[in-house]
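Peer 1: So that you have it, the file is work_1.txt, and it contains compact mmCIF, C-alpha atoms:
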```
# COMPACT_ATOMS: atom_id res chain seq x y z
CA MET A 23 42.33 85.25 23.21
CA VAL A 24 40.27 83.22 20.80
CA LYS A 25 41.51 79.75 20.09
CA CYS A 26 40.90 76.57 18.14
CA MET A 27 40.35 73.47 20.25
CA PRO A 28 39.99 70.18 18.38
CA ASP A 29 38.80 67.71 21.04
CA GLY A 30 38.83 64.40 19.86
CA ASN A 31 23.94 73.39 4.92
CA ALA A 32 4.94 75.81 -12.79
CA SER A 33 7.21 78.21 -14.60
CA GLU A 34 5.91 80.94 -16.90
CA HIS A 35 7.62 82.25 -20.06
CA GLY A 36 5.76 85.09 -21.75
CA ASP A 37 2.22 83.92 -22.40
CA GLU A 38 3.10 80.24 -22.67
CA ILE A 39 2.08 77.78 -19.98
CA VAL A 40 4.67 75.14 -19.12
CA SER A 41 3.45 71.64 -18.26
CA ILE A 42 5.64 69.07 -16.54
CA ASP A 43 4.40 65.48 -16.59
CA LEU A 44 3.98 63.68 -13.28
CA GLY A 45 5.29 60.20 -12.54
CA VAL A 46 8.35 60.46 -14.78
CA SER A 47 11.93 59.59 -13.93
CA ARG A 48 14.24 62.29 -12.61
CA ARG A 49 16.22 62.26 -15.87
CA ASN A 50 13.13 62.65 -18.04
CA LEU A 51 11.81 65.34 -15.73
CA MET A 52 15.04 67.30 -16.08
CA LYS A 53 14.91 66.86 -19.87
CA GLN A 54 11.38 68.31 -19.89
CA MET A 55 12.58 71.26 -17.84
CA SER A 56 15.59 71.72 -20.10
CA ALA A 57 13.33 71.73 -23.14
CA VAL A 58 11.42 74.75 -21.81
CA GLY A 59 14.58 76.52 -20.76
CA ILE A 60 14.36 76.38 -16.98
CA ALA A 61 16.65 73.51 -15.97
CA GLY A 62 19.73 75.72 -16.11
CA GLY A 63 18.38 78.36 -13.77
CA LEU A 64 19.30 77.95 -10.12
CA SER A 65 16.32 80.02 -9.04
CA ALA A 66 14.00 77.81 -11.04
CA LEU A 67 15.45 74.68 -9.50
CA ALA A 68 15.32 76.13 -6.01
CA GLY A 69 11.69 77.09 -6.36
CA CYS A 70 10.43 73.80 -7.82
CA GLY A 71 9.03 72.00 -4.79
CA GLY A 72 8.56 68.78 -6.74
CA LEU A 73 12.31 68.46 -7.20
CA ARG A 74 13.29 68.84 -3.56
CA SER A 75 11.42 69.65 -0.39
CA ASP A 76 13.96 69.21 2.38
CA SER A 77 15.70 71.78 4.52
CA GLN A 78 18.21 72.98 1.94
CA THR A 79 15.57 74.36 -0.43
CA PRO A 80 13.27 77.04 0.99
CA THR A 81 9.77 75.62 1.28
CA GLU A 82 8.10 78.43 3.20
CA SER A 83 8.37 82.13 3.80
CA ALA A 84 9.99 83.43 6.97
CA ASP A 85 6.63 83.50 8.72
CA GLY A 86 5.84 79.93 7.61
CA GLU A 87 2.81 80.88 5.52
CA SER A 88 3.70 79.17 2.26
CA GLY A 89 4.83 75.75 1.16
CA ASP A 90 6.71 76.95 -1.92
CA GLY A 91 8.84 79.79 -0.64
CA SER A 92 6.61 82.40 -2.30
CA GLY A 93 4.15 83.18 0.48
CA GLY A 94 1.39 81.75 -1.71
CA GLN A 95 2.12 84.34 -4.38
CA SER A 96 3.48 84.18 -7.92
CA ASP A 97 5.45 86.72 -9.92
CA GLY A 98 3.07 87.38 -12.77
CA GLY A 99 -0.55 88.02 -13.69
CA GLY A 100 -3.01 90.05 -11.63
CA GLY A 101 -4.85 89.94 -8.34
CA SER A 102 -3.57 89.12 -4.87
CA ASP A 103 -1.72 86.03 -6.08
CA SER A 104 0.66 88.21 -8.11
CA LEU A 105 1.87 90.47 -5.30
CA PRO A 106 5.62 90.37 -4.60
CA THR A 107 6.62 88.64 -1.38
CA ALA A 108 8.78 90.11 1.36
CA LEU A 109 11.06 88.13 3.64
CA ARG A 110 9.15 88.20 6.93
CA VAL A 111 11.57 88.06 9.85
CA PRO A 112 10.05 87.29 13.28
CA LEU A 113 10.93 90.01 15.80
CA VAL A 114 11.89 87.90 18.82
CA PRO A 115 13.43 89.88 21.71
CA PRO A 116 16.97 88.82 22.66
CA PRO A 117 17.70 87.66 26.22
CA THR A 118 19.34 91.05 26.75
CA ALA A 119 16.14 92.99 25.92
CA ASP A 120 15.29 94.06 29.49
CA SER A 121 18.73 95.58 30.07
CA MET A 122 19.07 97.13 26.60
CA ASP A 123 19.25 100.94 26.77
CA LEU A 124 19.84 102.39 23.31
CA ALA A 125 19.93 105.92 24.75
CA ASN A 126 22.95 104.91 26.80
CA PRO A 127 24.36 101.74 25.21
CA THR A 128 27.06 99.70 26.87
CA HIS A 129 29.53 97.35 25.24
CA GLU A 130 29.43 94.17 27.27
CA GLU A 131 32.20 91.63 26.88
CA ARG A 132 30.56 88.36 25.97
CA GLU A 133 31.73 84.89 24.98
CA MET A 134 30.58 83.20 21.76
CA VAL A 135 31.61 79.59 21.24
CA PHE A 136 31.57 77.84 17.86
CA VAL A 137 30.95 74.08 18.13
CA THR A 138 31.54 72.10 14.96
CA HIS A 139 31.31 68.48 13.78
CA VAL A 140 34.97 68.45 12.70
CA VAL A 141 38.07 70.63 12.90
CA ASP A 142 39.98 70.15 9.65
CA GLU A 143 41.92 72.27 7.17
CA PHE A 144 38.77 73.78 5.68
CA MET A 145 37.67 75.10 9.07
CA THR A 146 40.74 77.35 9.30
CA GLY A 147 38.97 79.87 7.07
CA ILE A 148 35.99 79.87 9.44
CA ILE A 149 38.24 80.23 12.48
CA VAL A 150 40.03 83.32 11.16
CA GLY A 151 36.70 84.90 10.22
CA MET A 152 35.42 84.22 13.75
CA ASN A 153 38.60 85.62 15.30
CA ASP A 154 38.44 88.89 13.35
CA ALA A 155 34.76 89.38 14.17
CA LEU A 156 35.15 88.61 17.88
CA ASN A 157 38.06 91.04 18.09
CA ASN A 158 36.08 93.73 16.26
CA VAL A 159 33.10 93.52 18.63
CA GLY A 160 35.22 93.05 21.77
CA TRP A 161 34.08 89.53 22.62
CA THR A 162 36.03 86.37 23.39
CA GLY A 163 35.38 82.87 22.07
CA GLU A 164 36.51 79.42 21.08
CA PHE A 165 36.19 77.11 18.09
CA ILE A 166 35.70 73.55 19.37
CA GLY A 167 35.11 70.20 17.69
CA PRO A 168 36.43 66.68 17.13
CA SER A 169 39.45 66.12 14.92
CA SER A 170 37.44 63.83 12.59
CA HIS A 171 33.79 63.90 11.47
CA ASP A 172 31.90 62.92 14.65
CA PRO A 173 28.41 64.35 15.31
CA ALA A 174 28.08 62.37 18.58
CA GLN A 175 31.22 63.99 19.96
CA GLN A 176 29.95 67.36 18.81
CA ILE A 177 26.68 66.85 20.71
CA GLU A 178 28.61 66.03 23.88
CA THR A 179 30.69 69.18 23.41
CA LEU A 180 27.56 71.24 22.80
CA ASN A 181 25.99 70.08 26.06
CA THR A 182 29.18 70.74 28.01
CA THR A 183 29.56 74.20 26.48
CA ILE A 184 25.96 75.19 27.18
CA SER A 185 26.32 74.17 30.83
CA ARG A 186 29.30 76.48 31.41
CA LEU A 187 28.20 79.60 29.50
CA ASN A 188 26.54 82.53 31.27
CA ASN A 189 22.80 82.58 30.75
CA GLY A 190 21.56 85.76 29.12
CA GLU A 191 25.09 86.95 28.38
CA ASP A 192 26.88 84.47 26.09
CA ALA A 193 26.05 82.81 22.76
CA ILE A 194 26.68 79.72 20.63
CA ALA A 195 27.13 78.98 16.94
CA THR A 196 26.97 75.39 15.75
CA SER A 197 26.69 73.26 12.66
CA ILE A 198 23.45 71.21 12.68
CA LEU A 199 23.66 67.88 10.87
CA ASN A 200 20.32 66.36 11.89
CA LYS A 201 17.28 67.09 14.01
CA ASP A 202 17.20 63.99 16.22
CA GLN A 203 20.50 64.70 17.97
CA TYR A 204 20.73 68.47 17.78
CA THR A 205 17.25 69.74 18.69
CA GLY A 206 17.63 68.88 22.39
CA PRO A 207 20.89 70.80 22.98
CA ILE A 208 19.66 73.77 20.95
CA GLN A 209 16.42 73.89 22.91
CA ASN A 210 18.39 73.66 26.16
CA ALA A 211 20.52 76.64 25.14
CA ILE A 212 17.52 78.74 24.19
CA ASP A 213 15.66 77.77 27.38
CA ASN A 214 18.68 79.08 29.30
CA ASP A 215 18.73 82.39 27.38
CA ILE A 216 21.76 81.44 25.29
CA PRO A 217 20.94 82.44 21.69
CA VAL A 218 22.05 80.13 18.88
CA ALA A 219 23.21 80.68 15.31
CA SER A 220 24.24 78.00 12.81
CA PHE A 221 27.09 77.92 10.32
CA ASN A 222 28.44 75.71 7.52
CA THR A 223 25.58 73.17 7.71
CA SER A 224 22.03 73.33 9.07
CA VAL A 225 19.15 70.96 8.38
CA TYR A 226 16.83 73.66 9.76
CA SER A 227 17.81 76.15 7.05
CA GLY A 228 14.66 77.70 5.60
CA GLN A 229 12.31 75.82 7.93
CA TYR A 230 11.06 78.99 9.62
CA SER A 231 7.67 77.73 10.74
CA GLU A 232 9.16 74.58 12.27
CA MET A 233 11.84 76.56 14.08
CA MET A 234 9.27 78.96 15.52
CA ASP A 235 7.07 76.05 16.62
CA THR A 236 10.00 74.14 18.13
CA PHE A 237 12.23 76.85 19.58
CA GLY A 238 10.10 80.00 19.61
CA THR A 239 12.77 81.70 17.50
CA VAL A 240 14.68 81.32 14.24
CA ILE A 241 18.16 79.76 14.21
CA PRO A 242 19.87 81.75 11.43
CA TYR A 243 22.09 79.89 9.00
CA VAL A 244 25.31 81.26 7.50
CA GLY A 245 26.55 79.06 4.70
CA GLN A 246 25.99 77.70 1.25
CA LYS A 247 22.73 76.50 -0.31
CA PHE A 248 23.91 73.01 -1.10
CA VAL A 249 21.56 71.74 -3.80
CA GLU A 250 22.07 74.91 -5.82
CA ALA A 251 25.83 74.70 -5.28
CA GLY A 252 25.80 71.11 -6.51
CA VAL A 253 23.87 72.17 -9.60
CA ALA A 254 26.47 74.86 -10.30
CA VAL A 255 29.33 72.37 -9.97
CA GLY A 256 27.45 69.87 -12.15
CA GLN A 257 26.87 72.49 -14.84
CA THR A 258 30.49 73.65 -14.71
CA GLY A 259 31.75 70.08 -14.88
CA TYR A 260 29.54 69.34 -17.87
CA GLU A 261 30.70 72.45 -19.71
CA ARG A 262 34.37 71.60 -19.10
CA ALA A 263 33.84 67.96 -20.06
CA THR A 264 32.25 68.84 -23.41
CA GLU A 265 35.41 70.76 -24.26
CA LYS A 266 37.33 67.47 -24.06
CA VAL A 267 34.77 64.82 -25.06
CA ASP A 268 32.62 64.78 -28.20
CA GLY A 269 30.44 61.78 -27.32
CA GLU A 270 28.95 60.25 -24.17
CA ILE A 271 29.98 61.64 -20.81
CA VAL A 272 30.15 59.15 -17.94
CA ALA A 273 30.11 61.04 -14.64
CA LEU A 274 31.15 59.83 -11.20
CA PRO A 275 29.96 61.93 -8.22
CA THR A 276 31.82 61.25 -4.96
CA THR A 277 31.20 61.91 -1.28
CA SER A 278 33.43 61.65 1.77
CA ALA A 279 30.59 61.30 4.32
CA PRO A 280 27.31 59.74 3.13
CA ASP A 281 25.50 60.79 6.33
CA HIS A 282 26.47 64.46 5.96
CA PRO A 283 23.39 66.39 4.76
CA ALA A 284 25.41 69.06 2.95
CA LEU A 285 27.34 66.53 0.90
CA SER A 286 24.19 64.56 0.11
CA ALA A 287 22.46 67.74 -1.08
CA ARG A 288 25.45 68.70 -3.23
CA ALA A 289 25.45 65.23 -4.77
CA GLU A 290 21.76 65.60 -5.56
CA GLY A 291 22.37 68.97 -7.21
CA ILE A 292 25.24 67.55 -9.27
CA ARG A 293 23.01 64.71 -10.40
CA MET A 294 20.14 67.07 -11.26
CA ALA A 295 22.38 69.19 -13.48
CA LEU A 296 23.97 66.26 -15.27
CA GLU A 297 20.77 64.26 -15.78
CA ALA A 298 19.29 67.26 -17.58
CA GLN A 299 21.71 66.53 -20.43
CA ASP A 300 21.03 63.96 -23.15
CA ASN A 301 24.61 62.72 -23.45
CA VAL A 302 25.44 62.08 -19.79
CA THR A 303 25.32 58.86 -17.79
CA VAL A 304 25.56 59.51 -14.05
CA LEU A 305 26.91 56.64 -11.94
CA ASP A 306 25.99 56.02 -8.32
CA THR A 307 27.70 58.37 -5.88
CA LEU A 308 30.94 56.78 -4.69
CA ASN A 309 31.78 56.96 -0.98
CA VAL A 310 35.49 57.73 -1.00
CA SER A 311 35.64 58.26 2.81
CA GLY A 312 37.26 61.14 4.64
CA ASP A 313 40.70 59.57 4.45
CA LEU A 314 42.63 60.83 1.44
CA SER A 315 44.65 57.66 0.83
CA GLN A 316 41.43 55.64 0.94
CA ALA A 317 39.81 58.09 -1.46
CA ILE A 318 42.65 57.71 -3.97
CA ASN A 319 42.43 53.91 -3.78
CA ARG A 320 38.64 53.85 -4.19
CA VAL A 321 38.65 56.18 -7.19
CA ASP A 322 41.42 54.11 -8.81
CA THR A 323 39.45 50.92 -8.21
CA LYS A 324 36.26 52.41 -9.61
CA TYR A 325 38.05 53.64 -12.73
CA SER A 326 39.65 50.24 -13.26
CA SER A 327 36.21 48.60 -13.29
CA THR A 328 34.57 51.43 -15.28
CA PRO A 329 37.17 52.87 -17.65
CA ASP A 330 34.51 54.88 -19.51
CA ILE A 331 34.44 57.43 -16.67
CA ASN A 332 35.52 60.81 -18.01
CA LEU A 333 34.04 63.22 -15.43
CA ILE A 334 34.69 63.06 -11.67
CA LEU A 335 33.00 65.58 -9.39
CA GLY A 336 33.56 65.63 -5.65
CA THR A 337 31.13 66.96 -3.06
CA ALA A 338 34.11 67.67 -0.79
CA LEU A 339 37.86 68.00 -1.15
CA GLN A 340 38.70 64.25 -1.20
CA GLY A 341 36.94 63.47 -4.50
CA ALA A 342 38.68 66.16 -6.50
CA ILE A 343 42.11 65.36 -5.05
CA ALA A 344 41.65 61.64 -5.73
CA GLY A 345 40.40 62.35 -9.26
CA GLY A 346 43.37 64.60 -9.88
CA ARG A 347 45.77 61.90 -8.73
CA LEU A 348 44.09 59.44 -11.12
CA VAL A 349 44.52 61.88 -14.00
CA GLU A 350 48.15 62.52 -13.12
CA ASN A 351 49.09 58.86 -12.78
CA ASN A 352 47.41 57.86 -16.04
CA SER A 353 48.07 60.98 -18.15
CA LEU A 354 44.35 61.61 -18.64
CA GLN A 355 44.47 65.42 -18.80
CA ASP A 356 43.01 65.55 -22.32
CA GLU A 357 40.12 63.16 -21.72
CA MET A 358 39.16 63.36 -18.01
CA THR A 359 37.51 66.35 -16.28
CA VAL A 360 37.81 66.71 -12.50
CA GLY A 361 36.13 69.22 -10.19
CA GLY A 362 34.95 69.52 -6.62
CA PHE A 363 34.63 71.74 -3.59
CA ASP A 364 36.95 73.73 -1.33
CA LEU A 365 40.48 75.04 -1.71
CA PRO A 366 43.03 72.83 0.08
CA GLY A 367 46.62 72.96 -1.14
CA PRO A 368 46.53 69.67 -3.11
CA THR A 369 43.45 70.83 -5.05
CA LEU A 370 45.05 74.14 -5.98
CA ASP A 371 48.24 72.28 -6.93
CA GLY A 372 46.16 70.04 -9.19
CA ILE A 373 44.59 73.04 -10.93
CA GLU A 374 48.06 74.48 -11.52
CA LYS A 375 49.31 71.18 -12.97
CA GLY A 376 46.19 70.72 -15.11
CA THR A 377 45.09 67.48 -13.41
CA ILE A 378 42.10 69.18 -11.75
CA ASP A 379 39.97 71.51 -13.86
CA PHE A 380 38.21 73.56 -11.19
CA THR A 381 36.98 73.70 -7.62
CA ALA A 382 34.19 75.60 -5.85
CA GLY A 383 34.66 77.89 -2.88
CA GLN A 384 31.96 78.52 -0.28
CA ASP A 385 33.42 81.51 1.62
CA PRO A 386 34.42 79.96 4.96
CA TYR A 387 35.59 83.36 6.24
CA SER A 388 32.02 84.71 6.22
CA GLN A 389 30.81 81.49 7.87
CA GLY A 390 32.95 82.54 10.83
CA SER A 391 32.50 86.30 10.81
CA MET A 392 28.80 86.71 9.99
CA PRO A 393 27.39 84.70 12.94
CA VAL A 394 29.37 86.92 15.34
CA ASN A 395 28.28 90.15 13.68
CA MET A 396 24.63 89.06 13.53
CA MET A 397 24.75 87.93 17.16
CA TRP A 398 26.18 91.29 18.25
CA ASN A 399 23.46 93.15 16.34
CA TYR A 400 20.86 90.91 17.98
CA MET A 401 22.08 91.02 21.58
CA GLU A 402 23.23 94.65 21.65
CA ARG A 403 20.73 96.30 19.29
CA GLY A 404 17.77 93.93 19.11
CA VAL A 405 18.06 93.36 15.35
CA PRO A 406 16.76 89.89 14.31
CA MET A 407 19.32 87.48 12.88
CA LYS A 408 18.77 86.27 9.31
CA ASP A 409 20.12 83.62 6.95
CA PHE A 410 23.20 84.58 4.95
CA ASN A 411 23.94 82.64 1.74
CA THR A 412 27.71 82.46 1.20
CA GLY A 413 27.21 81.34 -2.42
CA ILE A 414 29.73 79.64 -4.68
CA SER A 415 32.89 80.83 -6.45
CA VAL A 416 34.49 78.75 -9.19
CA ILE A 417 38.29 78.62 -8.99
CA ASP A 418 40.28 77.56 -12.04
CA GLU A 419 43.45 78.59 -13.84
CA SER A 420 42.04 82.09 -14.44
CA ASN A 421 41.94 83.12 -10.77
CA LEU A 422 44.19 80.51 -9.19
CA ASP A 423 46.98 82.88 -8.15
CA PHE A 424 44.78 85.03 -5.94
CA ALA A 425 42.85 82.05 -4.57
CA ARG A 426 46.11 80.39 -3.56
CA ARG A 427 47.53 83.59 -2.03
CA ARG A 428 44.38 84.23 0.00
CA SER A 429 43.22 80.79 1.10
CA GLY A 430 46.75 79.51 1.46
CA SER A 431 47.36 82.25 4.01
CA TRP A 432 44.50 81.43 6.39
CA GLY A 433 46.94 79.50 8.60
CA ASP A 434 49.36 82.42 8.68
CA LEU A 435 46.51 84.77 9.56
CA GLN A 436 45.44 82.46 12.38
CA SER A 437 49.00 82.52 13.80
CA TRP A 438 49.04 86.32 13.60
CA GLN A 439 45.68 86.50 15.37
CA ASP A 440 46.91 84.21 18.15
CA ASN A 441 49.82 86.59 18.75
CA ASN A 442 47.93 89.86 18.40
CA TYR A 443 44.35 89.41 19.62
```
Re-express the file's structure as structure tokens.
Peer 2:
Amino acid sequence: MVKCMPDGNASEHGDEIVSIDLGVSRRNLMKQMSAVGIAGGLSALAGCGGLRSDSQTPTESADGESGDGSGGQSDGGGGSDSLPTALRVPLVPPPTADSMDLANPTHEEREMVFVTHVVDEFMTGIIVGMNDALNNVGWTGEFIGPSSHDPAQQIETLNTTISRLNNGEDAIATSILNKDQYTGPIQNAIDNDIPVASFNTSVYSGQYSEMMDTFGTVIPYVGQKFVEAGVAVGQTGYERATEKVDGEIVALPTTSAPDHPALSARAEGIRMALEAQDNVTVLDTLNVSGDLSQAINRVDTKYSSTPDINLILGTALQGAIAGGRLVENNSLQDEMTVGGFDLPGPTLDGIEKGTIDFTAGQDPYSQGSMPVNMMWNYMERGVPMKDFNTGISVIDESNLDFARRRSGSWGDLQSWQDNNY
């Protein structure tokens, strides 16, 4: 039985050479990029090391040889610098390597525990993905985390879980919100032959050289690329806003947890996309908190002091829901655009009523199923685990019915799994 236990992520065009000035503001930089036609491309943004160089944008190849994600190679011209680059995946033997006999394989029953920073409504999609995958491979497991955002409690749970798992037999998946707190428990697990995967959020994503130096292996990440996802939401929000507003767009990004690296990266991506436009003013990111009633009050207060706001984009579910409530209470459907992330019931209700324009999905099901499948491949067949980008899907009135039927049924699926697995 698997169970959920809340316990308390230079461009070249033809023959022309593109030059970007140094020492300019972010907005002017984005305008320069827009002028040469590269600001709208997610791949261009992801590969521009001057825009972002933290863990959410690849800065090196899988073997750690390059600082720009290209292995020191470009995609045009001649000579060695123009050769295409492969993803180099370190072949690190699993702790089961000595007992692995592919001529006479066995199917060991193992335990894989998911330890998260919060167990909330969004995580239900991850839980059902985990449950299906564990059942398919014949393993057992748990999904454990605090009932509210609490990395310190997660670290305590990680340490407790590692101490009780069977060395060389069991495995862990965890979200990784920072390096200071999480590196120690992860290293402890690996030192005790308990392999680790990450899901939903990882500040080590793409940092292959650092992971090899620190852990002697790669901690694969299954989840969204957050800067790029923020850019996509920013671009979508801008497009929808221009359908309602002819003049200046005043945008308010929101976050529910300022210390959460995924939300910070999404906010940065939103800002990058919006600041590339000449007719957009982007306000400081508003901390609406993780409490929905607080979020509604803070968005109302901000709008009262800045009534020019006509675009609200959340980096999590609270911002979009609060923006939708503002629109509904003030009949702003024709002049305010609201968007955000994730598919909770109130957000989907807002899209149906026309108070929320769109939201962005990040495939929580795969965030639960892929770590299990990759771990089985690794421990039973010796196949290295790799990052898996769950991408972004925009949900609006055009695909709302299916989105509601699917995501609204995760809870029902979890109940079925509890009774049948």
Peer 1: Report the distance between atom CA of A:Arg426 and atom CA of A:Gly372 in Å, rounded to one decimal place.
Peer 2: 11.8 Å
Peer 1: Within 8 Å of A:Gly413, counting all atoms listed in the file, which residues qualify if same-chain residues fewer than 6 places away don't, as a list in words?
Peer 2: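 My reading of the contact set: Gly245, Gln246, Lys247, Ala251, Gln384 and Asp385 of chain A.
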Peer 1: When distances are computed from all atoms listed in the file, which of A:Ser220, A:Thr182, A:Asn301, A:Thr377 shows the smallest separation from A:Tyr260?
Peer 2: A:Asn301
Peer 1: Expressed in Å to a single decimal, how great is the separation between atom CA of A:Ala254 and atom CA of A:Ile417?
Peer 2: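 For atom CA of A:Ala254 relative to atom CA of A:Ile417, the distance reads 12.5 Å.
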Peer 1: Around (41.4, 81.4, -5.9), as given in the file, which residues come within 12 Å? Count all atoms listed in the file and list them as a PyMOL selection string.
Peer 2: chain A and resi 364-367+369-371+373-374+380-385+414-431
Peer 1: Could you make a table, as JSON lines, of the residues of stretch 272-367 of chain A that have an atom within 12 Å of an atom of stretch 169-175 of chain A, each with its nearest atom pair and distance in Å to one decimal, counting all atoms listed in the file, in chain and number order?
Peer 2:
```
{"residue": "A:Ser278", "atom": "CA", "partner": "A:His171", "partner_atom": "CA", "distance": 10.0}
{"residue": "A:Ala279", "atom": "CA", "partner": "A:His171", "partner_atom": "CA", "distance": 8.3}
{"residue": "A:Pro280", "atom": "CA", "partner": "A:His171", "partner_atom": "CA", "distance": 11.4}
{"residue": "A:Asp281", "atom": "CA", "partner": "A:Pro173", "partner_atom": "CA", "distance": 10.1}
{"residue": "A:His282", "atom": "CA", "partner": "A:His171", "partner_atom": "CA", "distance": 9.2}
{"residue": "A:Pro283", "atom": "CA", "partner": "A:Pro173", "partner_atom": "CA", "distance": 11.9}
{"residue": "A:Ser311", "atom": "CA", "partner": "A:His171", "partner_atom": "CA", "distance": 10.5}
{"residue": "A:Gly312", "atom": "CA", "partner": "A:His171", "partner_atom": "CA", "distance": 8.1}
{"residue": "A:Asp313", "atom": "CA", "partner": "A:Ser170", "partner_atom": "CA", "distance": 9.7}
```
Peer 1: With all atoms listed in the file counted, which protein, DNA or RNA residues have an atom no more than 10 Å from (32.0, 72.9, 6.4) in the file frame? Please answer as a PyMOL selection string.
Peer 2: chain A and resi 31+138-145+147-148+197+221-223+245-246+284-285+338+364+384-386+389
Peer 1: Quick one: write out the picked residues with C-alpha atoms as a PDB file, in the coordinates of the input?
Peer 2:
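The resulting file, result_32.pdb, is reproduced below:
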```
ATOM      1  CA  ASN A  31      23.940  73.390   4.920  1.00  0.00           C
ATOM      2  CA  THR A 138      31.540  72.100  14.960  1.00  0.00           C
ATOM      3  CA  HIS A 139      31.310  68.480  13.780  1.00  0.00           C
ATOM      4  CA  VAL A 140      34.970  68.450  12.700  1.00  0.00           C
ATOM      5  CA  VAL A 141      38.070  70.630  12.900  1.00  0.00           C
ATOM      6  CA  ASP A 142      39.980  70.150   9.650  1.00  0.00           C
ATOM      7  CA  GLU A 143      41.920  72.270   7.170  1.00  0.00           C
ATOM      8  CA  PHE A 144      38.770  73.780   5.680  1.00  0.00           C
ATOM      9  CA  MET A 145      37.670  75.100   9.070  1.00  0.00           C
ATOM     10  CA  GLY A 147      38.970  79.870   7.070  1.00  0.00           C
ATOM     11  CA  ILE A 148      35.990  79.870   9.440  1.00  0.00           C
ATOM     12  CA  SER A 197      26.690  73.260  12.660  1.00  0.00           C
ATOM     13  CA  PHE A 221      27.090  77.920  10.320  1.00  0.00           C
ATOM     14  CA  ASN A 222      28.440  75.710   7.520  1.00  0.00           C
ATOM     15  CA  THR A 223      25.580  73.170   7.710  1.00  0.00           C
ATOM     16  CA  GLY A 245      26.550  79.060   4.700  1.00  0.00           C
ATOM     17  CA  GLN A 246      25.990  77.700   1.250  1.00  0.00           C
ATOM     18  CA  ALA A 284      25.410  69.060   2.950  1.00  0.00           C
ATOM     19  CA  LEU A 285      27.340  66.530   0.900  1.00  0.00           C
ATOM     20  CA  ALA A 338      34.110  67.670  -0.790  1.00  0.00           C
ATOM     21  CA  ASP A 364      36.950  73.730  -1.330  1.00  0.00           C
ATOM     22  CA  GLN A 384      31.960  78.520  -0.280  1.00  0.00           C
ATOM     23  CA  ASP A 385      33.420  81.510   1.620  1.00  0.00           C
ATOM     24  CA  PRO A 386      34.420  79.960   4.960  1.00  0.00           C
ATOM     25  CA  GLN A 389      30.810  81.490   7.870  1.00  0.00           C
TER      26      GLN A 389
END
```
Peer 1: What is the atom CA of A:Ser391 to atom CA of A:Val244 distance in Å?
Peer 2: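 Atom-to-atom, atom CA of A:Ser391 to atom CA of A:Val244, that is 9.4 Å.
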Peer 1: Would you place a box with edges along x, y and z of the file around all atoms of stretch 208-212 of chain A listed there, add 4 Å to each of its six sides, and report the centre and edge lengths in Å to one decimal, as JSON?
Peer 2:
```
{"center_x": 18.5, "center_y": 76.2, "center_z": 23.6, "size_x": 12.1, "size_y": 13.1, "size_z": 13.2}
```
Peer 1: Counting all atoms listed in the file, which of A:Met396, A:Val255, A:Val150, A:Leu296 gets nearest to A:Gly361?
Peer 2: A:Val255
Peer 1: Which one is closest to A:Asn157: A:Val349, A:Leu124, A:Ala119, A:Val394? Count all atoms listed in the file.
Peer 2: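 Counting all atoms listed in the file, the residue closest to A:Asn157 is A:Val394.
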Peer 1: When you look at A:Ile212 with a cut-off of 10 Å (counting only C-alpha atoms), what residues show up, excluding the ones that are within fewer than 6 positions of it in the same chain? I need them as a VMD selection string.
Peer 2: chain A and resid 117 184 189 to 190 193 to 194 218 237 to 239
Peer 1: Can you spit out the residues from that selection as a PDB file, keeping the file's coordinate frame, using C-alpha atoms?
Peer 2:
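Here's the written file result14.pdb:
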```
ATOM      1  CA  PRO A 117      17.700  87.660  26.220  1.00  0.00           C
ATOM      2  CA  ILE A 184      25.960  75.190  27.180  1.00  0.00           C
ATOM      3  CA  ASN A 189      22.800  82.580  30.750  1.00  0.00           C
ATOM      4  CA  GLY A 190      21.560  85.760  29.120  1.00  0.00           C
ATOM      5  CA  ALA A 193      26.050  82.810  22.760  1.00  0.00           C
ATOM      6  CA  ILE A 194      26.680  79.720  20.630  1.00  0.00           C
ATOM      7  CA  VAL A 218      22.050  80.130  18.880  1.00  0.00           C
ATOM      8  CA  PHE A 237      12.230  76.850  19.580  1.00  0.00           C
ATOM      9  CA  GLY A 238      10.100  80.000  19.610  1.00  0.00           C
ATOM     10  CA  THR A 239      12.770  81.700  17.500  1.00  0.00           C
TER      11      THR A 239
END
```
Peer 1: Which polymer residues have any atom within 7 Å of an atom of A:Tyr243, counting all atoms listed in the file, with same-chain residues fewer than 6 positions away left out, as a VMD selection string?
Peer 2: chain A and resid 219 to 221 224 227 409 to 410
Peer 1: Output stretch 143-147 of chain A as a short mmCIF file (atom, residue, chain, number, x, y, z; two decimals), in the coordinates of the input, making sure N, CA and C atoms are there.
Peer 2:
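Final output, rebuild15.cif:
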```
data_model
loop_
_atom_site.label_atom_id
_atom_site.label_comp_id
_atom_site.auth_asym_id
_atom_site.auth_seq_id
_atom_site.Cartn_x
_atom_site.Cartn_y
_atom_site.Cartn_z
N GLU A 143 41.27 71.16 7.86
CA GLU A 143 41.92 72.27 7.17
C GLU A 143 40.92 73.29 6.68
N PHE A 144 39.77 72.84 6.18
CA PHE A 144 38.77 73.78 5.68
C PHE A 144 38.32 74.75 6.76
N MET A 145 38.20 74.28 8.00
CA MET A 145 37.67 75.10 9.07
C MET A 145 38.58 76.27 9.44
N THR A 146 39.83 76.24 8.99
CA THR A 146 40.74 77.35 9.30
C THR A 146 40.19 78.67 8.78
N GLY A 147 39.58 78.66 7.60
CA GLY A 147 38.97 79.87 7.07
C GLY A 147 37.84 80.38 7.95
#
```
